[in-house]
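Here is the structure we will look at.
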Amino acid sequence: MSQSEPLLTVTNLTKVFGSGNHTNRAVDDVTFTANHGEIIAIVGESGSGKSTLARMLLRLSKPTSGSIHLGDLDASKLKGTAQKQYWRDVQGIFQNPVASFNQFYSVGRVLQKTMRLVDHPGSKAEQRAKMDAVLTAVDLNPREVFQKAPHELSGGQLQRAMIARALLVNPKVLIADESTSALDASLRVTVLNKLVDLRDSREMTILFITHDIGQAYYISDRIFVMYKGQMVEQGPTEHVLLHPQHEYTQRLLADVPRVGDWGTQISAD
Amino acid sequence: MSSVPVQATNPEITTPPDETGSTIWRQIKAMMSGRLIIALILVASILIFAFIGPFFLGTGDPMKIVGGLYNEPNSQQWLGTDNFGRDVFTQLMYGTRTSLYIGIVAGVVATVLGVAIGLVAGYYGGWVDELLMGITNVIITIPSIVVLILISIAIGTKSITSMAVIIGIMSWPWTARAVRAQASSVRTREHVDLAKITGASTPSILLWEIMPYMMSYIFMVFVLQMTSGILQEATLSMLGLGPSSSISLGIMLYWALLWESVRTGAWWAFVPTTLMLTVIAFSLYLLQASLDEVFNPRLRRK
């Protein structure tokens, strides 16, 4: 696979919930490509279908129609080993770091389970060294967090532990579904920077799903805008934000609070 | 030395918390309520009575004939003798043991079936859920005591164990319904998705990701199923459907009824047995209710 070819190709992807007269087209005929080492922000309000899209890309939900290709691999009918191979290439981090960890197990156990997916060879000490390395990579102290239960760690620490877990797999595509929404503003920037680092150091393709256009602007190369299940606009970040074509994108941008406007209002009063 | 005044003013920060035994002990103390202590003492007394008692008290064999028909309680036979002249006190100890055994077997069978069916239905959803819950609801609507009587007559309960298993098989539906509801809520948690994209198999997700969240509930359900198993055995045996060659609290009541102990005033043949059943059921309910408080701190009294 050459670098110029798209890594992820999504064609006419559709997900319909319900049946008969009560159907809901959560994702409606979505088509896009993602390249190596690219950060794409998928922006939309809640209910726009962006999380359903993420779940389909992670093979947690079956598409009603349409296809997902990873390189030449058709991901729509994977089973068993092939499915596991796909998860070695496509990983996710989720919105709620607290719910993403089973409260009964330590962070270390989650990492050990993940080691099994990737079949890391080597002795226990070597495996432990690898797990320590990914924890260090997200600025966590392995000796401090490895044995800790989730409730002993903060949301920010858990979110970084979840990124460490994804790093252990070292996927080609990382899908971050609202991964910074549950964090404090200061931690949010840390996590965003970590994601940019990953792209830079590992050529990872990142699909960053968010409702916050500010974060999308901060992190992404391209922006896709979703509205009522449809992808209404896609293009380079600066271009979309400066020259929004679709009415919804324009509204979305108009709703962003600006320091300047606030200043004007105060002076007007 | 600047650290000395800090230590003096802030002892709780500078003193490292004792992470060994005392923390666990403190947790146990926090969970103990008066009700739980009473329940534990009662259950322990019943266990000692049934499993250790026979080594020191009674005649050693519940089937041994030691006197005449319905001897009144006396210094030799503390609770008199039954219709065959067997020592009631000894029978009570062995009968309690059998009843507890039936309760445990029936409880395990009902809990395992109910949890397994509920987990699968709740986790998969869709037609699997509809099918399993359809079956469950049909079984719930059938009065189980009628079915138990019919099965007991049809296959003839040859042993205590087969009887306990049949009781267990008839008692799982309510557990299945409750577990299904919980499983369908836990399965939407993100750690389940995370386990999936880690390549975990469905059985391993059910066992390691979903079931741990229900352990407290499963344990309480087991205690309840055990209680109802003991009472159902007593009902069936009292109707004469138990294996009459062995001894259980229900079978003791059966003989007492059959040989007219009520009419002849031989109260020692049925009052101690009935009381024992009541005490067992009460203790287990109390244990279940106080465990509910332990697992749901919101129910704890101030």
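In the structure tokens, each chain is lettered A, B, ... as it comes, each chain's residues begin at 1, and ligands are numbered from 1 in order of appearance.
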
ask   = Could you pull the residues within 10 Å of Ala106 of chain B, counting only C-alpha atoms, minus those fewer than 2 positions along the same chain, as a VMD selection string?
value = chain B and resid 100 to 104 108 to 112 161 to 172 222 225 to 230 232 to 233

Return as a tab-separated table the residues of chain A lying at most 10 Å from chain B, together with the closest atom-to-atom pair for each and the distance in Å to one decimal, counting only C-alpha atoms, with rows in chain order and ascending residue number.
```
residue	atom	partner	partner_atom	distance
A:Arg55	CA	B:Asp193	CA	9.1
A:Leu58	CA	B:Ile197	CA	7.2
A:Arg59	CA	B:Ile197	CA	8.0
A:Leu60	CA	B:Asp193	CA	7.0
A:Gly80	CA	B:Gly199	CA	8.7
A:Thr81	CA	B:Gly199	CA	9.0
A:Gln83	CA	B:Gly199	CA	8.0
A:Lys84	CA	B:Gly199	CA	5.7
A:Gln85	CA	B:Gly199	CA	9.2
A:Tyr86	CA	B:Ile197	CA	9.2
A:Trp87	CA	B:Ile197	CA	5.9
A:Arg88	CA	B:Thr198	CA	8.4
A:Val90	CA	B:Ile197	CA	8.7
A:Gln91	CA	B:Ile197	CA	7.0
A:Gly92	CA	B:Ile197	CA	7.9
A:Ile93	CA	B:Leu194	CA	8.1
A:Phe94	CA	B:Glu190	CA	7.1
A:Gln95	CA	B:Glu190	CA	8.4
A:Asn96	CA	B:Glu190	CA	7.4
A:Pro97	CA	B:Glu190	CA	8.4
A:Val98	CA	B:Glu190	CA	8.8
A:Ala99	CA	B:Glu190	CA	5.5
A:Ser100	CA	B:His191	CA	4.0
A:Phe101	CA	B:His191	CA	5.1
A:Asn102	CA	B:His191	CA	5.7
A:Gln103	CA	B:Tyr213	CA	8.7
A:Phe104	CA	B:Pro212	CA	7.2
A:Tyr105	CA	B:Trp208	CA	9.5
A:Val110	CA	B:Ala195	CA	8.6
A:Leu111	CA	B:Thr198	CA	9.8
A:Lys113	CA	B:Thr198	CA	7.3
A:Thr114	CA	B:Thr198	CA	5.7
A:Met115	CA	B:Thr198	CA	8.9
A:Arg116	CA	B:Thr198	CA	8.2
A:Leu117	CA	B:Thr198	CA	5.9
A:Val118	CA	B:Thr198	CA	8.9
A:Met162	CA	B:Leu194	CA	9.3
A:Arg165	CA	B:Thr198	CA	9.6
A:Ala166	CA	B:Thr198	CA	9.5
A:Val169	CA	B:Thr198	CA	9.0
```

inquiry  = One number please: atom CA of Val240 of chain A to atom CA of Ser46 of chain A, in Å, one decimal.
reply    =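 Interatomic distance here is 20.0 Å.
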
key: Within 12 Å of Ser181 of chain A using only C-alpha atoms, minus same-chain residues under 6 positions, as a PyMOL selection string   = chain A and resi 93-97+155-156+159+187-189+191-192+208-216

ask   = When you draw a straight line from atom CA of Thr31 of chain A to atom CA of Thr9 of chain A, how long is it in Å?
value = 7.7 Å

ask   = So which bits of segment 36-213 of chain A end up alpha helix (DSSP H) when you DSSP the backbone, as a ChimeraX atom specification?
value = /A:50-57,80-89,107-118,124-137,142-145,155-169,185-202,213

B:Met32, B:Tyr70, B:Phe219, B:Ser159 ranked by distance to Gln288 of chain B, top pick (using only C-alpha atoms) =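 Closest candidate: B:Phe219.
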
task = Could you check how far atom CA of Leu231 of chain B sits from atom CA of Ile160 of chain B, in Å to one decimal?
result = 13.9 Å
